[in-house]
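Okay, final34.txt is below, compact mmCIF, C-alpha atoms:
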# COMPACT_ATOMS: atom_id res chain seq x y z
CA MET A 26 -27.53 4.03 -12.88
CA ALA A 27 -31.16 3.05 -12.48
CA GLN A 28 -30.15 -0.51 -13.37
CA ASP A 29 -27.47 -0.49 -10.73
CA ALA A 30 -29.89 0.73 -8.12
CA ALA A 31 -32.38 -1.94 -9.13
CA LEU A 32 -29.69 -4.59 -8.92
CA MET A 33 -28.52 -3.48 -5.56
CA SER A 34 -31.95 -3.19 -4.03
CA SER A 35 -32.56 -6.73 -5.25
CA GLY A 36 -31.02 -7.61 -1.88
CA GLU A 37 -34.64 -7.60 -0.73
CA VAL A 38 -35.26 -10.64 -2.93
CA ALA A 39 -32.69 -12.34 -0.66
CA LEU A 40 -29.70 -13.29 -2.82
CA PRO A 41 -27.98 -16.48 -1.64
CA GLU A 42 -24.97 -15.86 0.57
CA GLY A 43 -21.61 -17.64 0.88
CA LEU A 44 -20.51 -20.20 -1.70
CA ASP A 45 -24.04 -20.59 -3.05
CA GLY A 46 -23.93 -16.86 -3.65
CA VAL A 47 -20.66 -17.16 -5.61
CA VAL A 48 -22.16 -19.86 -7.83
CA ASP A 49 -25.35 -17.83 -8.26
CA ASP A 50 -23.48 -14.59 -9.08
CA TRP A 51 -21.26 -16.23 -11.68
CA SER A 52 -23.69 -18.66 -13.30
CA ALA A 53 -26.84 -16.64 -13.73
CA ASP A 54 -27.26 -14.68 -16.96
CA LYS A 55 -26.69 -11.31 -15.31
CA GLN A 56 -24.07 -8.86 -14.03
CA THR A 57 -21.62 -10.87 -11.89
CA PHE A 58 -20.45 -8.29 -9.36
CA ILE A 59 -23.43 -6.61 -7.74
CA VAL A 60 -21.64 -3.30 -7.17
CA PRO A 61 -21.48 -0.09 -9.23
CA TRP A 62 -19.37 -0.78 -12.35
CA GLY A 63 -16.84 1.92 -11.37
CA LYS A 64 -16.14 0.07 -8.15
CA ALA A 65 -15.69 -3.30 -9.87
CA MET A 66 -13.36 -1.71 -12.43
CA MET A 67 -11.33 0.05 -9.75
CA TRP A 68 -10.90 -3.26 -7.90
CA ILE A 69 -9.71 -4.95 -11.09
CA PHE A 70 -7.28 -2.08 -11.75
CA LEU A 71 -5.98 -2.38 -8.18
CA LEU A 72 -5.53 -6.13 -8.68
CA SER A 73 -3.35 -5.46 -11.74
CA ASP A 74 -1.45 -2.79 -9.80
CA THR A 75 -0.89 -5.35 -7.03
CA PHE A 76 0.97 -7.51 -9.53
CA ILE A 77 3.14 -4.60 -10.69
CA PHE A 78 4.15 -3.69 -7.13
CA SER A 79 4.66 -7.38 -6.36
CA CYS A 80 7.03 -7.70 -9.32
CA PHE A 81 9.05 -4.76 -7.97
CA LEU A 82 9.16 -6.11 -4.42
CA ILE A 83 10.00 -9.63 -5.59
CA SER A 84 12.79 -8.35 -7.84
CA TYR A 85 14.10 -6.41 -4.82
CA MET A 86 14.02 -9.61 -2.79
CA LYS A 87 15.79 -11.49 -5.57
CA VAL A 88 18.68 -9.03 -6.00
CA ARG A 89 19.04 -8.74 -2.24
CA ILE A 90 19.32 -12.51 -1.87
CA SER A 91 21.68 -12.88 -4.83
CA THR A 92 24.29 -10.23 -3.94
CA PRO A 93 27.25 -11.34 -1.83
CA VAL A 94 27.88 -7.66 -0.87
CA PRO A 95 26.35 -6.63 2.49
CA TRP A 96 23.05 -4.75 2.15
CA PRO A 97 23.12 -1.19 3.58
CA ASN A 98 21.59 -0.94 7.08
CA THR A 99 18.32 0.92 6.37
CA SER A 100 17.92 1.75 10.04
CA GLU A 101 21.08 3.90 9.79
CA VAL A 102 20.69 5.09 6.20
CA PHE A 103 17.26 6.56 6.95
CA ALA A 104 18.13 7.94 10.38
CA LEU A 105 17.67 11.66 10.93
CA SER A 106 18.98 13.81 13.76
CA LEU A 107 16.41 16.19 15.13
CA GLY A 108 18.65 18.46 17.19
CA GLY A 109 20.51 15.59 18.86
CA ALA A 110 21.49 11.99 18.31
CA PRO A 111 20.23 10.42 15.08
CA ILE A 112 16.84 8.70 15.48
CA PRO A 113 16.54 5.60 13.28
CA LEU A 114 13.91 5.66 10.52
CA ILE A 115 12.16 8.65 12.07
CA LEU A 116 11.18 10.34 8.79
CA ILE A 117 9.81 7.05 7.43
CA ALA A 118 7.79 6.58 10.63
CA ILE A 119 6.32 10.06 10.30
CA MET A 120 5.49 9.39 6.63
CA THR A 121 3.79 6.15 7.66
CA PHE A 122 1.64 7.90 10.26
CA ILE A 123 0.72 10.64 7.78
CA LEU A 124 -0.40 8.10 5.19
CA ILE A 125 -2.47 6.20 7.77
CA THR A 126 -4.07 9.44 8.91
CA SER A 127 -4.93 10.29 5.31
CA SER A 128 -6.52 6.86 4.95
CA GLY A 129 -8.61 7.58 8.04
CA THR A 130 -9.83 10.94 6.71
CA MET A 131 -10.59 9.29 3.35
CA ALA A 132 -12.66 6.53 4.97
CA MET A 133 -14.69 9.19 6.81
CA ALA A 134 -15.10 11.20 3.59
CA VAL A 135 -16.69 8.13 1.95
CA ASN A 136 -18.96 7.76 4.96
CA PHE A 137 -20.12 11.39 4.89
CA GLY A 138 -20.53 11.11 1.12
CA TYR A 139 -23.11 8.37 1.51
CA ARG A 140 -24.81 10.55 4.15
CA ARG A 141 -24.99 13.30 1.52
CA ASP A 142 -23.00 15.69 3.69
CA ARG A 143 -21.43 17.68 0.88
CA ALA A 144 -19.30 20.09 2.94
CA LYS A 145 -17.80 17.49 5.28
CA THR A 146 -17.07 15.09 2.41
CA ALA A 147 -15.26 17.76 0.37
CA LEU A 148 -13.36 19.03 3.42
CA LEU A 149 -12.19 15.56 4.45
CA MET A 150 -11.10 14.80 0.87
CA VAL A 151 -9.12 18.05 0.72
CA ALA A 152 -7.50 17.09 4.05
CA THR A 153 -6.64 13.67 2.57
CA ALA A 154 -5.10 15.25 -0.52
CA ALA A 155 -3.14 17.72 1.63
CA LEU A 156 -1.74 14.89 3.77
CA GLY A 157 -0.84 13.03 0.58
CA ALA A 158 0.94 16.09 -0.78
CA SER A 159 2.94 16.43 2.45
CA PHE A 160 3.89 12.75 2.12
CA VAL A 161 5.27 13.43 -1.38
CA GLY A 162 7.10 16.48 -0.02
CA MET A 163 8.81 14.38 2.65
CA GLN A 164 9.70 11.81 0.07
CA ALA A 165 11.30 14.52 -2.07
CA PHE A 166 13.28 15.58 1.02
CA GLU A 167 14.35 11.99 1.64
CA TRP A 168 15.44 11.49 -1.99
CA THR A 169 17.38 14.77 -1.96
CA LYS A 170 19.17 13.80 1.25
CA LEU A 171 20.06 10.40 -0.14
CA ILE A 172 21.23 11.65 -3.53
CA VAL A 173 23.03 14.85 -2.49
CA GLU A 174 24.38 14.03 0.98
CA GLU A 175 24.80 10.25 0.94
CA GLY A 176 25.73 9.89 -2.72
CA VAL A 177 23.25 7.11 -3.45
CA ARG A 178 22.86 6.40 -7.17
CA PRO A 179 20.81 3.74 -8.99
CA TRP A 180 24.11 2.00 -9.87
CA SER A 181 26.18 2.54 -6.71
CA ASN A 182 26.28 3.83 -3.16
CA PRO A 183 28.96 4.15 -0.49
CA MET A 184 27.13 1.95 2.04
CA GLY A 185 27.08 -1.47 0.39
CA ALA A 186 25.34 -3.43 -2.35
CA PRO A 187 24.86 -1.25 -5.45
CA GLN A 188 21.40 -2.76 -6.05
CA PHE A 189 20.19 -0.83 -3.01
CA GLY A 190 19.90 2.39 -5.03
CA SER A 191 18.14 0.93 -8.04
CA THR A 192 15.51 -0.91 -6.01
CA PHE A 193 15.01 2.03 -3.65
CA PHE A 194 14.43 4.57 -6.42
CA MET A 195 12.27 2.19 -8.42
CA ILE A 196 9.99 1.08 -5.59
CA THR A 197 9.57 4.33 -3.66
CA GLY A 198 9.49 6.29 -6.92
CA PHE A 199 6.65 4.22 -8.33
CA HIS A 200 4.79 4.49 -5.04
CA GLY A 201 5.38 8.25 -4.90
CA LEU A 202 4.00 8.50 -8.43
CA HIS A 203 0.85 6.74 -7.21
CA VAL A 204 0.52 9.15 -4.28
CA SER A 205 0.99 12.16 -6.59
CA ALA A 206 -1.62 10.82 -9.03
CA GLY A 207 -3.91 10.19 -6.07
CA VAL A 208 -3.56 13.78 -4.84
CA ILE A 209 -4.68 15.04 -8.27
CA TYR A 210 -7.47 12.45 -8.48
CA LEU A 211 -8.79 13.31 -5.00
CA SER A 212 -8.60 17.04 -5.68
CA VAL A 213 -10.74 16.64 -8.81
CA VAL A 214 -13.32 14.49 -7.02
CA ALA A 215 -13.31 16.85 -3.99
CA TRP A 216 -14.02 19.77 -6.31
CA ARG A 217 -16.91 17.87 -7.88
CA VAL A 218 -18.29 17.02 -4.44
CA TRP A 219 -18.08 20.67 -3.44
CA SER A 220 -19.75 21.88 -6.63
CA GLY A 221 -22.68 19.52 -6.09
CA PHE A 222 -21.89 17.36 -9.13
CA TYR A 223 -22.71 14.11 -7.29
CA ASP A 224 -25.92 15.53 -5.84
CA ARG A 225 -27.07 16.15 -9.40
CA LYS A 226 -25.80 12.73 -10.48
CA GLY A 227 -27.74 11.20 -7.60
CA THR A 228 -24.93 9.06 -6.16
CA TYR A 229 -21.69 9.53 -4.23
CA GLU A 230 -20.20 6.18 -5.28
CA THR A 231 -17.34 7.97 -7.11
CA VAL A 232 -16.08 9.09 -3.70
CA GLU A 233 -15.89 5.47 -2.58
CA VAL A 234 -14.11 4.46 -5.80
CA ALA A 235 -11.53 7.24 -5.28
CA GLY A 236 -11.26 6.06 -1.68
CA LEU A 237 -10.42 2.53 -2.82
CA TYR A 238 -7.51 3.88 -4.85
CA TRP A 239 -6.26 5.93 -1.92
CA HIS A 240 -6.47 3.06 0.58
CA PHE A 241 -4.56 0.91 -1.90
CA VAL A 242 -1.73 3.46 -1.94
CA ASP A 243 -1.65 3.20 1.87
CA LEU A 244 -1.78 -0.60 1.61
CA VAL A 245 1.25 -0.72 -0.71
CA TRP A 246 3.15 1.49 1.72
CA VAL A 247 2.50 -1.05 4.50
CA PHE A 248 4.38 -3.65 2.44
CA ILE A 249 7.17 -1.27 1.38
CA PHE A 250 7.63 -0.17 5.00
CA ALA A 251 7.90 -3.78 6.17
CA PHE A 252 10.05 -5.21 3.37
CA PHE A 253 12.25 -2.33 2.33
CA TYR A 254 12.71 -0.23 5.45
CA LEU A 255 12.37 -2.72 8.32
CA TRP A 256 13.74 -5.93 6.81
CA MET B 22 -24.80 -2.59 5.78
CA ALA B 23 -24.37 -2.35 2.02
CA THR B 24 -27.60 -0.96 0.66
CA ALA B 25 -28.83 0.84 -2.44
CA GLU B 26 -27.14 3.91 -0.94
CA GLY B 27 -23.82 2.11 -0.78
CA GLN B 28 -21.63 1.31 2.20
CA GLN B 29 -22.96 2.87 5.40
CA HIS B 30 -21.32 2.09 8.68
CA PRO B 31 -20.99 3.99 11.94
CA ILE B 32 -18.12 6.53 12.00
CA SER B 33 -16.82 4.93 15.18
CA ILE B 34 -15.63 1.80 13.34
CA TYR B 35 -13.35 3.91 11.15
CA LEU B 36 -11.95 5.77 14.15
CA TRP B 37 -11.24 2.47 15.91
CA ILE B 38 -9.43 1.01 12.90
CA TRP B 39 -7.54 4.27 12.44
CA GLY B 40 -6.32 4.09 16.03
CA LEU B 41 -5.49 0.41 15.66
CA LEU B 42 -3.39 1.10 12.54
CA PHE B 43 -1.53 3.79 14.49
CA VAL B 44 -0.78 1.37 17.31
CA LEU B 45 0.29 -1.42 14.91
CA SER B 46 2.56 0.99 13.01
CA GLY B 47 4.02 2.08 16.34
CA PHE B 48 4.70 -1.57 17.16
CA SER B 49 6.45 -2.24 13.84
CA TYR B 50 8.52 0.92 14.31
CA ALA B 51 9.43 -0.29 17.82
CA VAL B 52 10.72 -3.55 16.31
CA ASP B 53 13.37 -1.49 14.52
CA TYR B 54 13.89 1.06 17.27
CA PHE B 55 14.74 -1.57 19.85
CA GLN B 56 16.77 -3.46 17.23
CA LEU B 57 15.09 -6.82 17.70
CA GLN B 58 16.95 -9.34 15.56
CA GLY B 59 16.61 -12.81 14.13
CA LEU B 60 13.44 -14.83 13.83
CA LEU B 61 11.55 -12.64 16.31
CA ARG B 62 12.16 -9.57 14.12
CA TRP B 63 10.89 -11.19 10.89
CA ALA B 64 7.93 -12.76 12.66
CA LEU B 65 6.81 -9.49 14.26
CA ILE B 66 7.33 -7.43 11.08
CA LEU B 67 5.21 -9.89 9.07
CA LEU B 68 2.56 -10.15 11.80
CA PHE B 69 2.05 -6.38 12.07
CA MET B 70 2.20 -6.02 8.28
CA PHE B 71 -0.52 -8.60 7.63
CA LEU B 72 -2.71 -7.23 10.43
CA LYS B 73 -2.47 -3.70 9.02
CA ALA B 74 -3.08 -4.88 5.45
CA GLY B 75 -6.04 -6.97 6.62
CA PHE B 76 -7.72 -4.11 8.48
CA ILE B 77 -7.22 -1.69 5.57
CA ILE B 78 -8.71 -4.12 3.05
CA ALA B 79 -11.52 -5.43 5.26
CA ILE B 80 -12.74 -2.19 6.85
CA PHE B 81 -11.41 0.85 4.98
CA MET B 82 -11.91 -0.78 1.58
CA HIS B 83 -15.18 -2.39 2.74
CA MET B 84 -14.17 -5.86 1.58
CA ALA B 85 -15.73 -7.38 4.72
CA TRP B 86 -19.17 -6.30 3.50
CA GLU B 87 -18.83 -7.27 -0.16
CA ARG B 88 -20.27 -10.43 -1.68
CA LEU B 89 -18.04 -13.50 -1.77
CA ALA B 90 -17.93 -13.45 -5.60
CA LEU B 91 -16.06 -10.10 -5.54
CA ILE B 92 -13.87 -11.05 -2.56
CA THR B 93 -12.65 -14.27 -4.18
CA ALA B 94 -12.17 -12.62 -7.60
CA ILE B 95 -9.91 -9.91 -6.13
CA LEU B 96 -8.13 -11.62 -3.23
CA GLY B 97 -7.73 -15.03 -4.90
CA PRO B 98 -5.38 -14.26 -7.82
CA PRO B 99 -2.56 -12.72 -5.70
CA ILE B 100 -2.09 -16.15 -4.08
CA VAL B 101 -0.16 -17.26 -7.20
CA LEU B 102 2.49 -14.72 -6.15
CA LEU B 103 3.59 -17.25 -3.52
CA VAL B 104 4.79 -19.52 -6.35
CA PHE B 105 6.68 -16.58 -7.90
CA ILE B 106 8.28 -15.76 -4.53
CA GLY B 107 9.29 -19.41 -4.05
CA LEU B 108 10.87 -19.55 -7.52
CA MET B 109 12.80 -16.32 -6.98
CA VAL B 110 14.10 -17.37 -3.56
CA SER B 111 15.50 -20.57 -5.03
CA GLU B 112 16.87 -18.70 -8.08
CA GLY B 113 18.43 -16.01 -5.85
CA GLU B 114 20.19 -18.55 -3.68
CA TYR B 115 21.51 -20.33 -6.74
CA THR B 116 22.81 -17.00 -8.13
CA VAL B 117 24.65 -16.02 -4.95
CA ASP B 118 26.18 -19.48 -4.62
CA THR B 119 27.36 -19.31 -8.23
CA ARG B 120 28.82 -15.84 -7.75
CA LEU B 121 30.75 -16.88 -4.65
CA ASP B 122 31.84 -20.03 -6.38
CA VAL B 123 32.98 -18.61 -9.71
CA PHE B 124 34.23 -15.13 -8.92
CA ALA B 125 36.97 -14.46 -6.41
CA GLN B 126 35.30 -13.71 -3.10
CA GLU B 127 37.49 -10.69 -2.32
CA ILE B 128 35.99 -8.72 -5.23
CA PHE B 129 32.81 -8.37 -3.21
CA LEU B 130 34.22 -7.66 0.21
CA PRO B 131 36.36 -4.52 0.62
CA ALA B 132 33.86 -1.74 -0.07
CA GLU B 133 36.43 0.93 0.99
CA HIS B 134 38.55 0.11 -2.07
CA GLY B 135 35.62 0.93 -4.27
CA ALA B 136 36.05 -2.50 -5.75
CA THR B 137 32.33 -3.18 -5.90
CA ASN B 138 31.62 -0.98 -8.90
CA HIS B 139 33.34 -2.47 -11.89

Would you write out, as structure tokens, the structure that this file holds?
Amino acid sequence: MAQDAALMSSGEVALPEGLDGVVDDWSADKQTFIVPWGKAMMWIFLLSDTFIFSCFLISYMKVRISTPVPWPNTSEVFALSLGGAPIPLILIAIMTFILITSSGTMAMAVNFGYRRDRAKTALLMVATAALGASFVGMQAFEWTKLIVEEGVRPWSNPMGAPQFGSTFFMITGFHGLHVSAGVIYLSVVAWRVWSGFYDRKGTYETVEVAGLYWHFVDLVWVFIFAFFYLW
Amino acid sequence: MATAEGQQHPISIYLWIWGLLFVLSGFSYAVDYFQLQGLLRWALILLFMFLKAGFIIAIFMHMAWERLALITAILGPPIVLLVFIGLMVSEGEYTVDTRLDVFAQEIFLPAEHGATNH
């Protein structure tokens, strides 16, 4: 920790910026990424996760291109009537806004963490986790509706191309798993914030690392929303 | 700026980006709601998607304030995915052409006969 702090305050020695900085960071006999190790590792994990989600989305694209059967109209499949005519994609839109809101509260939690505001940080993280949990709840509702009422299965569905079910369950299921894991992760870190663990440790960087994971979950949803639901 | 105490920025920047993400999501939802079709639909969906992704990475994930060595190490590698996408588009088109060519076309069409699930 002391080493990290020393490295980071070495900004006063004026590290070269831009491309010279890249060459300097990589070539000198020292730590390459001048950030806390947890943050560098989280970024590398997120990079690997990017490739997993990309494989899923690309395989979805591939089966959708290669089937001669019409793809189900997502705008209609995911419509929901709230007391009147069905509104297209309304539940998905609400889920999107909830996830964005949770990203906003998370970003502010990181900010208050670095200001050493223990109560606000913990409260905002709990709010983030609660919004995440409600997202998973809506997803469970959506899955139930699709499986029980619409008869969508991973191998068939009444609306069109059978690959619709397999890609839908795989992609949203894997994303939902990430949200669920994130809710647990954030709850643990929020508890540690509340109990003063990071005050004793002397740094709140763990909050930022947890935040990176959470923003990534939101980021993946942006792509799923565009490619799976809107396309 | 990024200091020994980590990333410290005014709260207002997060609130602005939060609002912006709301507006952009509203726009992409409107694309579907008003049933825009064709090239305009794909262009707008991709535009709003990349803007949202960019703001989340740059501001919420603080990438805008990181050193270039970290930015290039994380954001560089996903570029190879474009090659993968290109390969799979060409492969997918070949597959659908082959299917239409080799199998009788009517197998795929009448969904009401339940003929799609052999």

For each of B:Phe43, B:Lys73, B:Asp53, B:Ala64, take the minimum atom-to-atom distance to Asn98 of chain A, counting all atoms listed in the file, then give the residue where this is smallest.
-> B:Asp53

Show me which bits of chain B are within 6 Å of chain A, counting all atoms listed in the file, as a list in words.
-> Ala25, Trp39, Ala74, Phe81, Met82, Leu89, Ala90, Met109, Gly113, Glu114, Thr116, Val117 and Phe129 of chain B

Hey, can I get the axis-aligned box for segment 52-68 of chain B? All listed atoms, 4 Å padding on each side, centre and edge lengths in Å to one decimal, as AutoDock Vina command-line options.
--center_x 9.8 --center_y -6.9 --center_z 14.5 --size_x 22.4 --size_y 23.9 --size_z 18.8

Just the residues within 10 Å of Met150 of chain A, please, counting only C-alpha atoms, with nothing from its chain fewer than 2 positions along; format it as a PDB file with C-alpha atoms, in the frame of the given file.
ATOM      1  CA  SER A 127      -4.930  10.290   5.310  1.00  0.00           C
ATOM      2  CA  THR A 130      -9.830  10.940   6.710  1.00  0.00           C
ATOM      3  CA  MET A 131     -10.590   9.290   3.350  1.00  0.00           C
ATOM      4  CA  ALA A 132     -12.660   6.530   4.970  1.00  0.00           C
ATOM      5  CA  MET A 133     -14.690   9.190   6.810  1.00  0.00           C
ATOM      6  CA  ALA A 134     -15.100  11.200   3.590  1.00  0.00           C
ATOM      7  CA  VAL A 135     -16.690   8.130   1.950  1.00  0.00           C
ATOM      8  CA  ALA A 144     -19.300  20.090   2.940  1.00  0.00           C
ATOM      9  CA  LYS A 145     -17.800  17.490   5.280  1.00  0.00           C
ATOM     10  CA  THR A 146     -17.070  15.090   2.410  1.00  0.00           C
ATOM     11  CA  ALA A 147     -15.260  17.760   0.370  1.00  0.00           C
ATOM     12  CA  LEU A 148     -13.360  19.030   3.420  1.00  0.00           C
ATOM     13  CA  ALA A 152      -7.500  17.090   4.050  1.00  0.00           C
ATOM     14  CA  THR A 153      -6.640  13.670   2.570  1.00  0.00           C
ATOM     15  CA  ALA A 154      -5.100  15.250  -0.520  1.00  0.00           C
ATOM     16  CA  ALA A 155      -3.140  17.720   1.630  1.00  0.00           C
ATOM     17  CA  LEU A 156      -1.740  14.890   3.770  1.00  0.00           C
ATOM     18  CA  VAL A 208      -3.560  13.780  -4.840  1.00  0.00           C
ATOM     19  CA  LEU A 211      -8.790  13.310  -5.000  1.00  0.00           C
ATOM     20  CA  SER A 212      -8.600  17.040  -5.680  1.00  0.00           C
ATOM     21  CA  VAL A 213     -10.740  16.640  -8.810  1.00  0.00           C
ATOM     22  CA  VAL A 214     -13.320  14.490  -7.020  1.00  0.00           C
ATOM     23  CA  ALA A 215     -13.310  16.850  -3.990  1.00  0.00           C
ATOM     24  CA  TRP A 216     -14.020  19.770  -6.310  1.00  0.00           C
ATOM     25  CA  VAL A 218     -18.290  17.020  -4.440  1.00  0.00           C
ATOM     26  CA  VAL A 232     -16.080   9.090  -3.700  1.00  0.00           C
ATOM     27  CA  ALA A 235     -11.530   7.240  -5.280  1.00  0.00           C
ATOM     28  CA  GLY A 236     -11.260   6.060  -1.680  1.00  0.00           C
TER      29      GLY A 236
END

So which residues touch Leu65 of chain B within 10 Å, counting all atoms listed in the file, skipping near sequence neighbours fewer than 5 positions away, as a CSV table (one decimal) with C-alpha atoms, in the frame of the given file?
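Full text of selection-v7.csv as output:
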chain,number,residue,atom,x,y,z
A,251,ALA,CA,7.9,-3.8,6.2
B,48,PHE,CA,4.7,-1.6,17.2
B,49,SER,CA,6.4,-2.2,13.8
B,52,VAL,CA,10.7,-3.6,16.3
B,57,LEU,CA,15.1,-6.8,17.7
B,60,LEU,CA,13.4,-14.8,13.8
B,70,MET,CA,2.2,-6.0,8.3
B,71,PHE,CA,-0.5,-8.6,7.6

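Pairwise distance (atom CA of Ile77 of chain A, atom CA of Val110 of chain B) equals 18.3 Å.
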